[in-house]
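J.: I'd like to ask you about the structure that follows.
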Amino acid sequence: PGMTTTLTSDETQRVEVHSYYSSRDSFLVLPIADGSSEPTDFYVVPSSQLQGAASAKFYPLLVELMRRGDQTSELVNATARFLGDERVTKIVERGTKLVESKSEEAKNKSKESVEKITSSVAENLPKEESMKEIYQMIKDEELTILLQKGRERLKNLMSTDISKATRDALRKTGIMISDSCDETSSFQETISKSRISA
């Protein structure tokens, strides 16, 4: 409907299609007057006597879009009626209140958890004075001196705090603690063993 085309029997005669009768597979058409002739009347033409218009290929798509629009409109109206129901409104209100209360509870619990973690981490972090002392040591002394002090502290720990059983366990894992006085050679021996095992 609405398209203009020509008849197959007379290609000079242009017509405007107004409606389609699917039961008879025919169209109601109106001849397009050239301006000098008198107005003409509608008449019915079988679909086989009309030339296909270039725009005709879009009509099935337009009909489908109109059908989908009607379905969507019906669905929107049904949804509006459903949401307008008093029982649904009450359920939605209760659900909203429940979600709000649970989200507030979760927010409070997470805030408490974050505070606990923060305080726990703060307790286990080295104090500012210790950090300054370590930084000052690194700044003032060379790394080898620090390593020597660490080795001496480890030896002190081994002689007083760590038992023979612990030494044996460390030896089984590949950590050997030497009691020899020659620190340089034991250090080089440890480096060479670690390079060999890698």
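By order in the structure tokens, chains are A, B, ...; within a chain, residues start at 1; ligands start at 1, following the order shown.
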Fewer than 6 positions away in the same chain doesn't count, so skip those; otherwise give me all residues within 12 Å of Ser9 of chain A, counting only C-alpha atoms, as a ChimeraX atom specification.
T.: /A:45-46,48-51
J.: Any chance you can output those residues with N, CA and C atoms as a compact mmCIF listing (two decimals), in the first residue's frame?
T.:
# COMPACT_ATOMS: atom_id res chain seq x y z
N VAL A 45 -6.87 -5.13 -9.43
CA VAL A 45 -5.96 -5.72 -10.42
C VAL A 45 -5.31 -6.95 -9.79
N PRO A 46 -5.25 -8.09 -10.48
CA PRO A 46 -4.53 -9.26 -9.94
C PRO A 46 -3.04 -8.92 -9.77
N SER A 48 -0.49 -10.48 -10.50
CA SER A 48 0.34 -10.85 -11.66
C SER A 48 0.36 -9.75 -12.71
N GLN A 49 -0.59 -8.79 -12.68
CA GLN A 49 -0.64 -7.73 -13.68
C GLN A 49 0.06 -6.44 -13.23
N LEU A 50 0.70 -6.47 -12.06
CA LEU A 50 1.44 -5.30 -11.58
C LEU A 50 2.94 -5.54 -11.67
N GLN A 51 3.66 -4.53 -12.10
CA GLN A 51 5.13 -4.59 -12.08
C GLN A 51 5.58 -4.44 -10.62
J.: Please indicate the distance in Å from atom CA of Val17 of chain A to atom CA of Phe42 of chain A, rounded to one decimal place.
T.: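 Atom CA of Val17 of chain A sits 9.6 Å away from atom CA of Phe42 of chain A.
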J.: Taking into account only C-alpha atoms, which residue in the set A:Leu98, A:Ser26, A:Met3, A:Leu146 is nearest to Phe58 of chain A?
T.: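 For Phe58 of chain A, the nearest of the candidates is A:Met3.
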J.: For Thr12 of chain A, which residue out of A:Met137, A:Ile32, A:Val88, A:Met66 is the nearest one, using only C-alpha atoms?
T.: A:Ile32
J.: Looking only at the backbone, which of the residues in segment 37-181 of chain A does DSSP tag as alpha helix (DSSP H), as a ChimeraX atom specification?
T.: /A:59-84,86-124,128-140,143-160,164-172
J.: Closest to Val15 of chain A among A:Asp34, A:Glu100, A:Glu128, A:Asp70, using only C-alpha atoms?
T.: A:Asp34
J.: Do you have the atom CA of Leu28 of chain A-atom CA of Arg67 of chain A distance handy?
T.: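 Taking atom CA of Leu28 of chain A and atom CA of Arg67 of chain A, their separation equals 22.5 Å.
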